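What follows is the content of data-v8.txt, which has compact mmCIF, C-alpha atoms and all ligand atoms:
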# COMPACT_ATOMS: atom_id res chain seq x y z
CA MET A 1300 0.00 0.00 0.00
CA THR A 1301 1.26 3.48 -0.82
CA THR A 1302 0.41 6.73 0.91
CA THR A 1303 0.34 10.01 -0.99
CA HIS A 1304 -0.95 13.50 -0.13
CA PRO A 1305 -3.10 12.57 2.90
CA GLU A 1306 -3.83 16.28 3.46
CA SER A 1307 -5.32 16.76 -0.02
CA ASP A 1308 -8.92 17.84 -0.64
CA VAL A 1309 -9.55 14.62 -2.51
CA ILE A 1310 -10.98 11.94 -0.23
CA LEU A 1311 -11.59 9.28 -2.88
CA GLU A 1312 -9.80 8.76 -6.16
CA VAL A 1313 -10.92 6.01 -8.49
CA LYS A 1314 -8.96 5.13 -11.62
CA ASP A 1315 -10.18 2.89 -14.43
CA LEU A 1316 -12.37 0.88 -12.05
CA GLN A 1317 -13.87 -2.29 -13.49
CA LYS A 1318 -16.28 -4.82 -12.10
CA HIS A 1319 -17.09 -7.73 -14.39
CA PHE A 1320 -19.35 -10.55 -13.22
CA PRO A 1321 -18.60 -14.01 -14.62
CA THR A 1322 -21.50 -15.71 -16.43
CA ARG A 1323 -22.10 -19.30 -17.49
CA THR A 1324 -23.95 -20.66 -20.49
CA SER A 1325 -27.15 -22.57 -19.74
CA GLY A 1326 -27.63 -26.22 -20.77
CA ILE A 1327 -26.26 -29.50 -19.54
CA ILE A 1328 -22.64 -28.55 -20.01
CA ARG A 1329 -22.26 -25.11 -18.44
CA ARG A 1330 -19.29 -23.17 -19.70
CA ALA A 1331 -17.95 -19.81 -18.71
CA SER A 1332 -19.07 -17.21 -21.28
CA ASP A 1333 -18.42 -13.49 -21.65
CA PRO A 1334 -18.71 -11.59 -18.36
CA VAL A 1335 -21.26 -8.90 -17.52
CA LYS A 1336 -19.27 -5.67 -17.74
CA ALA A 1337 -21.28 -3.91 -15.04
CA VAL A 1338 -18.59 -1.29 -14.44
CA ASP A 1339 -16.12 -0.92 -17.26
CA GLY A 1340 -13.37 1.59 -16.60
CA ILE A 1341 -14.63 4.58 -14.64
CA SER A 1342 -12.29 7.26 -13.27
CA PHE A 1343 -13.25 10.09 -10.95
CA SER A 1344 -12.37 11.78 -7.69
CA VAL A 1345 -14.56 12.96 -4.83
CA ASN A 1346 -13.61 16.00 -2.78
CA ARG A 1347 -13.91 16.08 0.97
CA GLY A 1348 -17.33 17.32 2.07
CA GLU A 1349 -18.95 17.27 -1.37
CA THR A 1350 -21.77 15.19 -2.80
CA LEU A 1351 -21.09 13.45 -6.08
CA GLY A 1352 -24.37 12.41 -7.70
CA LEU A 1353 -24.32 9.27 -9.83
CA VAL A 1354 -27.16 9.01 -12.31
CA GLY A 1355 -28.18 6.75 -15.19
CA GLU A 1356 -30.80 4.28 -16.37
CA SER A 1357 -31.60 1.09 -14.51
CA GLY A 1358 -28.89 -1.52 -15.07
CA CYS A 1359 -26.15 0.94 -16.09
CA GLY A 1360 -23.96 -0.11 -13.15
CA LYS A 1361 -24.60 2.53 -10.47
CA SER A 1362 -25.03 0.13 -7.53
CA THR A 1363 -22.13 -2.02 -8.66
CA ALA A 1364 -19.93 1.08 -8.92
CA GLY A 1365 -20.99 2.18 -5.40
CA ARG A 1366 -20.35 -1.22 -3.87
CA THR A 1367 -17.05 -1.71 -5.64
CA MET A 1368 -15.66 1.67 -4.60
CA LEU A 1369 -16.38 0.67 -0.98
CA GLN A 1370 -14.82 -2.77 -1.49
CA LEU A 1371 -18.13 -4.52 -0.81
CA LEU A 1372 -17.38 -6.10 -4.18
CA GLU A 1373 -13.88 -6.96 -5.28
CA PRO A 1374 -12.84 -4.90 -8.31
CA THR A 1375 -11.88 -6.73 -11.51
CA GLY A 1376 -9.47 -3.95 -12.43
CA GLY A 1377 -8.41 -0.41 -11.66
CA SER A 1378 -7.53 1.27 -8.39
CA ILE A 1379 -9.20 3.03 -5.46
CA HIS A 1380 -7.34 5.50 -3.27
CA TYR A 1381 -8.93 6.68 -0.05
CA ASN A 1382 -7.28 9.64 1.65
CA GLY A 1383 -4.26 9.07 -0.56
CA ARG A 1384 -3.95 5.42 0.42
CA ASP A 1385 -4.33 2.62 -2.10
CA ILE A 1386 -7.15 0.50 -0.69
CA THR A 1387 -7.67 -1.67 -3.79
CA GLY A 1388 -8.14 -5.25 -2.68
CA VAL A 1389 -7.75 -4.64 1.08
CA HIS A 1390 -9.31 -7.39 3.13
CA GLY A 1391 -9.48 -8.85 6.64
CA ALA A 1392 -8.62 -6.53 9.51
CA ASP A 1393 -7.60 -3.69 7.16
CA LEU A 1394 -11.00 -3.77 5.47
CA ARG A 1395 -12.82 -3.93 8.80
CA LYS A 1396 -10.93 -0.87 9.97
CA LEU A 1397 -11.83 0.91 6.75
CA ARG A 1398 -15.52 0.29 7.50
CA THR A 1399 -15.28 2.78 10.37
CA GLU A 1400 -14.66 5.45 7.71
CA MET A 1401 -16.69 4.27 4.73
CA GLN A 1402 -20.32 3.18 4.95
CA MET A 1403 -23.31 2.55 2.73
CA VAL A 1404 -27.02 3.38 2.90
CA PHE A 1405 -29.10 0.97 0.82
CA GLN A 1406 -32.16 1.47 -1.37
CA ASP A 1407 -34.41 -1.08 0.27
CA PRO A 1408 -34.83 0.02 3.86
CA TYR A 1409 -36.60 -3.23 4.72
CA GLY A 1410 -34.40 -5.75 2.94
CA SER A 1411 -31.25 -4.23 4.41
CA LEU A 1412 -32.45 -4.61 8.03
CA ASN A 1413 -32.55 -8.01 9.72
CA PRO A 1414 -36.26 -8.56 10.56
CA ARG A 1415 -35.38 -10.67 13.60
CA GLN A 1416 -33.23 -8.02 15.25
CA THR A 1417 -34.45 -5.06 17.29
CA ILE A 1418 -33.58 -1.56 16.18
CA GLY A 1419 -31.26 -1.31 19.16
CA THR A 1420 -29.29 -4.36 17.99
CA ILE A 1421 -29.22 -3.20 14.37
CA VAL A 1422 -27.89 0.28 15.13
CA ALA A 1423 -25.45 -1.13 17.72
CA ALA A 1424 -23.99 -3.65 15.23
CA PRO A 1425 -21.17 -1.41 13.96
CA PHE A 1426 -19.92 -0.91 17.56
CA ASP A 1427 -20.05 -4.69 18.19
CA ILE A 1428 -18.26 -5.54 14.93
CA GLN A 1429 -15.50 -3.03 15.60
CA GLY A 1430 -15.30 -3.81 19.34
CA ILE A 1431 -15.85 -0.13 20.15
CA THR A 1432 -17.62 1.07 23.29
CA PRO A 1433 -18.60 4.72 23.05
CA ASP A 1434 -18.43 7.01 26.10
CA GLY A 1435 -21.61 6.46 28.08
CA GLY A 1436 -22.12 2.93 26.70
CA VAL A 1437 -23.56 1.50 23.51
CA LYS A 1438 -27.23 1.76 24.47
CA ALA A 1439 -27.05 5.46 25.34
CA GLU A 1440 -25.17 6.17 22.09
CA VAL A 1441 -27.66 4.19 20.01
CA GLN A 1442 -30.59 6.01 21.60
CA SER A 1443 -28.91 9.34 20.98
CA LEU A 1444 -28.37 8.34 17.33
CA MET A 1445 -32.03 7.30 17.07
CA GLU A 1446 -33.08 10.68 18.37
CA ARG A 1447 -30.68 12.43 15.99
CA VAL A 1448 -32.23 10.74 12.93
CA GLY A 1449 -35.77 11.50 14.06
CA LEU A 1450 -36.75 8.21 15.73
CA ASN A 1451 -38.18 7.81 19.20
CA PRO A 1452 -35.35 6.38 21.39
CA GLU A 1453 -37.97 4.51 23.42
CA HIS A 1454 -38.55 2.32 20.35
CA TYR A 1455 -35.15 0.75 20.91
CA ASN A 1456 -36.65 -2.72 21.44
CA ARG A 1457 -39.01 -2.66 18.45
CA TYR A 1458 -38.53 -4.64 15.24
CA PRO A 1459 -38.20 -3.28 11.67
CA HIS A 1460 -41.74 -4.33 10.64
CA GLU A 1461 -43.14 -1.98 13.29
CA PHE A 1462 -41.79 1.03 11.39
CA SER A 1463 -42.83 2.82 8.19
CA GLY A 1464 -40.58 2.87 5.09
CA GLY A 1465 -39.25 6.34 5.91
CA GLN A 1466 -38.55 5.36 9.52
CA ARG A 1467 -36.77 2.22 8.37
CA GLN A 1468 -34.54 4.30 6.13
CA ARG A 1469 -33.77 6.49 9.18
CA ILE A 1470 -32.69 3.29 10.99
CA GLY A 1471 -30.37 2.44 8.07
CA ILE A 1472 -28.96 5.97 8.20
CA ALA A 1473 -28.42 5.78 12.00
CA ARG A 1474 -26.49 2.54 11.50
CA ALA A 1475 -24.41 4.09 8.69
CA VAL A 1476 -23.38 7.16 10.72
CA ALA A 1477 -22.92 5.31 14.05
CA LEU A 1478 -19.13 5.20 13.80
CA ARG A 1479 -18.92 8.75 12.39
CA PRO A 1480 -17.62 7.67 8.97
CA LYS A 1481 -16.09 10.15 6.55
CA LEU A 1482 -17.59 8.80 3.33
CA ILE A 1483 -21.04 7.32 2.70
CA VAL A 1484 -22.30 5.82 -0.54
CA CYS A 1485 -26.07 6.33 -0.56
CA ASP A 1486 -27.55 3.89 -3.08
CA GLU A 1487 -30.99 5.18 -4.08
CA PRO A 1488 -31.79 5.96 -0.44
CA VAL A 1489 -35.15 7.57 -1.21
CA SER A 1490 -36.29 5.75 -4.37
CA ALA A 1491 -38.46 3.25 -2.48
CA LEU A 1492 -40.17 5.97 -0.39
CA ASP A 1493 -43.35 7.96 -0.93
CA VAL A 1494 -42.64 11.31 -2.56
CA SER A 1495 -43.84 13.12 0.58
CA ILE A 1496 -41.27 11.26 2.68
CA GLN A 1497 -38.40 11.58 0.21
CA ALA A 1498 -37.73 15.25 0.99
CA GLN A 1499 -37.59 14.56 4.74
CA VAL A 1500 -34.97 11.85 4.29
CA VAL A 1501 -32.96 13.97 1.83
CA ASN A 1502 -33.05 16.85 4.35
CA LEU A 1503 -31.86 14.53 7.10
CA LEU A 1504 -28.94 13.37 4.95
CA GLU A 1505 -28.04 16.99 4.21
CA ASP A 1506 -28.18 17.97 7.90
CA LEU A 1507 -26.00 15.02 8.87
CA GLN A 1508 -23.54 15.91 6.13
CA THR A 1509 -23.02 19.36 7.64
CA GLU A 1510 -23.01 18.15 11.23
CA TYR A 1511 -20.62 15.22 10.74
CA ASP A 1512 -18.58 16.64 7.87
CA LEU A 1513 -19.58 13.80 5.56
CA THR A 1514 -18.75 13.18 1.93
CA TYR A 1515 -21.45 11.47 -0.13
CA VAL A 1516 -21.59 9.52 -3.33
CA PHE A 1517 -25.32 9.67 -3.99
CA VAL A 1518 -26.76 7.18 -6.46
CA ALA A 1519 -30.18 7.87 -7.96
CA HIS A 1520 -32.05 7.67 -11.23
CA ASP A 1521 -34.27 10.63 -10.31
CA LEU A 1522 -32.67 13.70 -11.86
CA SER A 1523 -34.60 16.11 -9.62
CA VAL A 1524 -33.25 14.45 -6.47
CA ILE A 1525 -29.75 14.41 -7.97
CA ARG A 1526 -30.03 18.09 -8.83
CA HIS A 1527 -31.14 18.95 -5.34
CA ILE A 1528 -28.43 17.14 -3.45
CA SER A 1529 -25.32 17.03 -5.65
CA ASP A 1530 -22.38 19.39 -5.99
CA ARG A 1531 -21.12 17.48 -9.00
CA VAL A 1532 -22.86 14.89 -11.13
CA ALA A 1533 -21.54 11.85 -13.01
CA VAL A 1534 -23.74 10.43 -15.77
CA MET A 1535 -23.32 6.71 -16.33
CA TYR A 1536 -24.25 4.51 -19.29
CA LEU A 1537 -23.44 0.81 -19.75
CA GLY A 1538 -20.72 0.73 -17.12
CA LYS A 1539 -18.96 3.90 -18.26
CA PHE A 1540 -19.12 7.59 -17.39
CA MET A 1541 -20.43 9.71 -20.23
CA GLU A 1542 -20.10 13.10 -18.55
CA VAL A 1543 -19.03 14.56 -15.21
CA ALA A 1544 -19.54 18.23 -14.36
CA ASP A 1545 -20.57 20.64 -11.63
CA ARG A 1546 -24.27 20.32 -10.97
CA ASP A 1547 -25.41 23.73 -12.24
CA GLU A 1548 -23.15 23.56 -15.25
CA LEU A 1549 -24.36 20.07 -16.17
CA TYR A 1550 -28.03 20.94 -15.90
CA ALA A 1551 -27.65 24.26 -17.75
CA ASN A 1552 -25.34 23.07 -20.49
CA PRO A 1553 -25.13 19.30 -20.91
CA LEU A 1554 -22.55 18.37 -23.55
CA HIS A 1555 -22.98 14.64 -23.97
CA PRO A 1556 -25.96 13.53 -26.09
CA TYR A 1557 -26.92 11.02 -23.39
CA THR A 1558 -26.98 13.70 -20.69
CA GLN A 1559 -28.99 15.91 -23.04
CA ALA A 1560 -31.53 13.15 -23.61
CA LEU A 1561 -31.86 12.35 -19.90
CA LEU A 1562 -32.32 16.01 -18.96
CA SER A 1563 -34.80 16.65 -21.74
CA ALA A 1564 -37.18 14.24 -19.99
CA VAL A 1565 -37.18 16.17 -16.67
CA PRO A 1566 -40.32 18.31 -16.35
CA ILE A 1567 -39.71 22.07 -16.03
CA PRO A 1568 -41.99 23.81 -13.48
CA ASP A 1569 -42.48 26.83 -15.79
CA PRO A 1570 -45.33 25.81 -18.23
CA ARG A 1571 -44.16 28.25 -20.97
CA LYS A 1572 -40.70 26.69 -21.02
CA GLU A 1573 -42.17 23.22 -20.65
CA ASN A 1574 -44.37 23.70 -23.74
CA LYS A 1575 -41.50 24.94 -25.89
CA ARG A 1576 -39.20 22.19 -24.83
CA GLU A 1577 -38.08 19.46 -27.16
CA ARG A 1578 -37.87 15.95 -25.71
CA ILE A 1579 -34.99 13.90 -27.03
CA LEU A 1580 -36.18 10.34 -27.38
CA LEU A 1581 -33.77 7.53 -26.77
CA LYS A 1582 -34.83 4.77 -29.10
CA GLY A 1583 -34.37 1.14 -28.13
CA ASP A 1584 -33.47 -0.60 -24.91
CA LEU A 1585 -30.23 -0.44 -23.02
CA PRO A 1586 -27.91 -2.91 -24.82
CA SER A 1587 -26.59 -5.87 -22.87
CA PRO A 1588 -23.50 -5.22 -20.75
CA ILE A 1589 -22.34 -8.72 -21.75
CA ASN A 1590 -21.86 -7.64 -25.33
CA PRO A 1591 -21.77 -3.82 -25.36
CA PRO A 1592 -21.70 -1.94 -28.70
CA SER A 1593 -18.29 -1.38 -30.27
CA GLY A 1594 -16.58 2.02 -30.24
CA CYS A 1595 -18.79 4.42 -28.29
CA VAL A 1596 -21.17 2.22 -26.27
CA PHE A 1597 -23.91 4.83 -26.75
CA HIS A 1598 -23.83 4.82 -30.56
CA THR A 1599 -26.81 2.48 -31.00
CA ARG A 1600 -29.08 5.03 -29.31
CA CYS A 1601 -27.29 8.32 -29.82
CA PRO A 1602 -29.42 11.09 -31.42
CA ARG A 1603 -26.30 12.97 -32.51
CA PHE A 1604 -24.99 9.85 -34.26
CA ARG A 1605 -28.35 9.29 -35.91
CA GLU A 1606 -29.21 12.81 -36.95
CA GLU A 1607 -26.12 14.96 -37.23
CA LEU A 1608 -23.06 13.06 -38.24
CA SER A 1609 -21.56 12.22 -41.63
CA GLU A 1610 -20.74 8.63 -42.64
CA THR A 1611 -17.06 9.19 -41.80
CA GLU A 1612 -17.90 10.63 -38.40
CA ARG A 1613 -20.23 7.74 -37.66
CA LYS A 1614 -17.51 5.29 -38.52
CA ARG A 1615 -15.42 6.87 -35.80
CA CYS A 1616 -18.28 6.38 -33.28
CA THR A 1617 -18.65 2.70 -34.13
CA THR A 1618 -14.96 1.83 -34.08
CA GLU A 1619 -13.16 4.15 -31.66
CA ILE A 1620 -13.87 4.32 -27.92
CA PRO A 1621 -14.15 8.04 -27.06
CA LEU A 1622 -11.57 9.22 -24.55
CA VAL A 1623 -12.73 11.47 -21.76
CA GLN A 1624 -11.94 15.04 -22.76
CA LYS A 1625 -12.08 18.19 -20.69
CA ILE A 1626 -14.31 20.86 -22.18
CA GLY A 1627 -14.64 23.82 -19.80
CA ASN A 1628 -15.56 22.28 -16.47
CA HIS A 1629 -17.00 19.15 -18.10
CA GLU A 1630 -15.36 15.80 -18.54
CA VAL A 1631 -17.11 14.26 -21.47
CA ALA A 1632 -16.71 11.02 -23.41
CA CYS A 1633 -17.91 11.89 -26.91
CA HIS A 1634 -15.84 12.40 -30.06
CA PHE A 1635 -18.06 15.28 -31.08
CA ALA A 1636 -18.89 16.94 -27.75
CA GLY A 1637 -17.11 20.14 -28.78
CA ALA A 1638 -19.52 20.51 -31.69
CA ALA A 1639 -22.74 20.03 -29.67
CA LYS A 1640 -25.73 21.26 -31.65
CA ILE A 1641 -28.75 20.04 -29.72
CA ASP A 1642 -30.14 22.71 -27.40
CA VAL A 1643 -31.92 21.68 -24.24
CA ILE A 1644 -33.99 24.44 -22.65
N1 LIG B 1701 -24.00 -10.25 -8.90
C1 LIG B 1701 -24.21 -10.05 -10.19
N2 LIG B 1701 -23.99 -11.03 -11.09
C2 LIG B 1701 -24.18 -10.84 -12.43
N3 LIG B 1701 -24.61 -9.66 -12.95
C3 LIG B 1701 -24.84 -8.64 -12.09
C4 LIG B 1701 -24.66 -8.78 -10.67
N4 LIG B 1701 -24.98 -7.58 -10.08
C5 LIG B 1701 -25.34 -6.76 -11.08
N5 LIG B 1701 -25.26 -7.40 -12.28
C6 LIG B 1701 -25.55 -6.81 -13.60
O1 LIG B 1701 -24.72 -5.68 -13.75
C7 LIG B 1701 -25.42 -4.64 -14.42
C8 LIG B 1701 -25.42 -3.40 -13.55
O2 LIG B 1701 -26.24 -3.65 -12.40
P1 LIG B 1701 -26.45 -2.57 -11.25
O3 LIG B 1701 -27.32 -3.18 -10.23
O4 LIG B 1701 -25.12 -2.07 -10.81
O5 LIG B 1701 -27.21 -1.40 -12.03
P2 LIG B 1701 -27.94 -0.11 -11.45
O6 LIG B 1701 -27.52 1.03 -12.32
O7 LIG B 1701 -27.70 0.00 -9.99
O8 LIG B 1701 -29.48 -0.44 -11.75
P3 LIG B 1701 -30.80 -0.01 -10.92
O9 LIG B 1701 -31.06 1.44 -11.26
O10 LIG B 1701 -31.85 -0.92 -11.47
O11 LIG B 1701 -30.52 -0.23 -9.46
C9 LIG B 1701 -26.80 -5.18 -14.74
O12 LIG B 1701 -26.79 -5.69 -16.04
C10 LIG B 1701 -26.97 -6.29 -13.73
O13 LIG B 1701 -27.85 -7.28 -14.21
S1 LIG B 1702 -19.07 9.46 -29.73
FE1 LIG B 1702 -20.61 9.38 -31.37
S2 LIG B 1702 -22.11 7.86 -30.68
FE2 LIG B 1702 -20.87 8.43 -28.93
S3 LIG B 1702 -22.01 10.03 -27.90
FE3 LIG B 1702 -20.57 11.04 -29.28
S4 LIG B 1702 -21.71 11.33 -31.21
FE4 LIG B 1702 -22.84 9.83 -29.97
MG MG B 1703 -28.99 0.01 -8.33

Rendering of file as structure tokens:
Amino acid sequence: MTTTHPESDVILEVKDLQKHFPTRTSGIIRRASDPVKAVDGISFSVNRGETLGLVGESGCGKSTAGRTMLQLLEPTGGSIHYNGRDITGVHGADLRKLRTEMQMVFQDPYGSLNPRQTIGTIVAAPFDIQGITPDGGVKAEVQSLMERVGLNPEHYNRYPHEFSGGQRQRIGIARAVALRPKLIVCDEPVSALDVSIQAQVVNLLEDLQTEYDLTYVFVAHDLSVIRHISDRVAVMYLGKFMEVADRDELYANPLHPYTQALLSAVPIPDPRKENKRERILLKGDLPSPINPPSGCVFHTRCPRFREELSETERKRCTTEIPLVQKIGNHEVACHFAGAAKIDVI
């Protein structure tokens, strides 16, 4: 393991991260076939105290990316540096120690809580696993955490099924912040909740971020939630990042045709703008990550490819993987991002 620049503003640096899942053919003789390239070479950094939003269609690899960057899944390739330290492939005691600093909040607030354990036991688990006894004892700390996330501390002995979806997500959040981690990957933490409850949970996460000086990677497919919570946004498609930019910049001036298409589907509150707006339709389904399209993985659905490019330019899209280029404050993986023509209001 190497240590570099521990004082830097960058808390997490991910380079060319890959997570491929092996697959097997069906039939009597089962053979290994091409892997699912769930995450296929993503690079990014996260600054201390910021929220990086991660957005993209279902199946594009967001959860896998989140789990792999926390070492809940072993990467197939690439590297992860946390606070300047190479943590790629750490395991055993080193990984357990890392869990005090890096945590995850899951989408399904019910599935991620053991139904046979009381809330007290669930929220106390991180202390037990790490062998840590907080000042004042575990029970007092757990009750204080419950209070902090908006739960009644007297419900310490209740079971998950006795709580609503929003309350269960608060339990998951209390467990995630129990050890005062520095970095939390929130994987669709509000997607399973009623719209009326979503804002409360997002507000809680924002308050805790300020109070505990937390850095978030926030995974969601809802672009309004991402816009609300993120400082920067990464747009993912078929295991790769298409565009990364500051939130306001990305929403005002998306450069990648995929970002433009995604944003064109978000309703605008102003009816005059909404009426004038042109929706960019993405034709076809997401291709399989087992056999992704050649060249630019987006070319089979790209409106720019379809409507604006010459034969020669298209050939480039189908044969050459676009490198990430810096255009202003954007990092964008499109051969023709500099010549963007589609306007999104
Ligand atoms: N354990 C696994 N084994 C094989 N394939 C997997 C595994 N986990 C995920 N995948 C595949 O990897 C791809 C990415 O899945 P992932 O769950 O990361 O996507 P996602 O962007 O989080 O989707 P969603 O928005 O639906 O949560 C999908 O094609 C999925 O089927
Ligand atoms: S490289 Fe080609 S196919 Fe890919 S996003 Fe750009 S224009 Fe579309
Ligand atoms: Mg997911």

Handout entry: Shortest interatomic distance to Phe1462 (chain A) - which of A:Leu1412, A:Ile1579, A:Val1532, A:Ile1620, counting all atoms listed in the file
Key =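 So, comparing all the options, the nearest one is A:Leu1412.
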
Using the file's own x, y and z axes, what box holds all listed atoms of ligand LIG 1701 (chain B) with 5 Å on each side, keeping edges along x, y and z, and what are its centre and edge lengths in Å to one decimal, as JSON?
{"center_x": -27.9, "center_y": -4.8, "center_z": -12.5, "size_x": 17.9, "size_y": 22.5, "size_z": 17.1}

Exercise for the section: Output the neighbourhood of ligand LIG 1701 (chain B) as an NGL selection string, that is, all protein and nucleic acid residues with some atom at most 7 Å from the ligand, counting all atoms listed in the file. Expected result: :A and (1320-1322 or 1335-1337 or 1355-1364 or 1520 or 1587-1588)

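The coordinates place CA of Val1543 (chain A) at 24.1 Å from CA of Glu1606 (chain A).
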
Handout entry: Residue neighbourhood Ile1483 (chain A), 6 Å, all atoms listed in the file, exclusion window fewer than 4 positions, as a ChimeraX atom specification
Key = /A:1401-1403,1515

Exercise for the section: Figure out the distance between CA of Gly1376 (chain A) and CA of Leu1561 (chain A), please, to one decimal in Å. Expected result: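 The value is 28.7 Å.
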
Problem - For ligand MG 1703 (chain B), the nearest of the candidates A:Lys1396, A:Val1518, A:Val1338, A:Asp1434, counting all atoms listed in the file - result: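 Distance minimum relative to ligand MG 1703 (chain B) lands on A:Val1518.
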
Completion exercise
Using all atoms listed in the file, the residue out of A:Ser1495, A:Ser1490, A:Ser1609, A:Ser1411 with shortest distance to ligand MG 1703 (chain B) is A:Ser1490

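Residue nearest Met1541 (chain A) within the list A:Pro1621, A:Gly1583, A:Asn1590, A:Leu1371: A:Pro1621 [criterion: smallest interatomic distance, all atoms listed in the file].
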
Handout entry: Protein and nucleic residues near ligand LIG 1702 (chain B), 9 Å, all atoms listed in the file, as a count of residues only
Key = 33

Practice task
Would you please work out which residue, of A:Met1535, A:Gln1468, A:Leu1351, A:Asn1456, is nearest to ligand MG 1703 (chain B) when using all atoms listed in the file?
Solution key: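 So, comparing all the options, the nearest one is A:Met1535.
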
Exercise for the section: May I have the protein, DNA and RNA residues with any atom at most 12 Å from the point (-27.1, 4.5, 25.2), counting all atoms listed in the file, written as a VMD selection string? Expected result: chain A and resid 1419 to 1420 1422 to 1423 1426 1432 to 1446 1452 to 1453 1455 1477

Selected residues, C-alpha atoms, written as a tab-separated table (two decimals), keeping the file's coordinate frame, please.
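Done, and the output landed in again28.tsv:
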chain	number	residue	atom	x	y	z
A	1419	GLY	CA	-31.26	-1.31	19.16
A	1420	THR	CA	-29.29	-4.36	17.99
A	1422	VAL	CA	-27.89	0.28	15.13
A	1423	ALA	CA	-25.45	-1.13	17.72
A	1426	PHE	CA	-19.92	-0.91	17.56
A	1432	THR	CA	-17.62	1.07	23.29
A	1433	PRO	CA	-18.60	4.72	23.05
A	1434	ASP	CA	-18.43	7.01	26.10
A	1435	GLY	CA	-21.61	6.46	28.08
A	1436	GLY	CA	-22.12	2.93	26.70
A	1437	VAL	CA	-23.56	1.50	23.51
A	1438	LYS	CA	-27.23	1.76	24.47
A	1439	ALA	CA	-27.05	5.46	25.34
A	1440	GLU	CA	-25.17	6.17	22.09
A	1441	VAL	CA	-27.66	4.19	20.01
A	1442	GLN	CA	-30.59	6.01	21.60
A	1443	SER	CA	-28.91	9.34	20.98
A	1444	LEU	CA	-28.37	8.34	17.33
A	1445	MET	CA	-32.03	7.30	17.07
A	1446	GLU	CA	-33.08	10.68	18.37
A	1452	PRO	CA	-35.35	6.38	21.39
A	1453	GLU	CA	-37.97	4.51	23.42
A	1455	TYR	CA	-35.15	0.75	20.91
A	1477	ALA	CA	-22.92	5.31	14.05
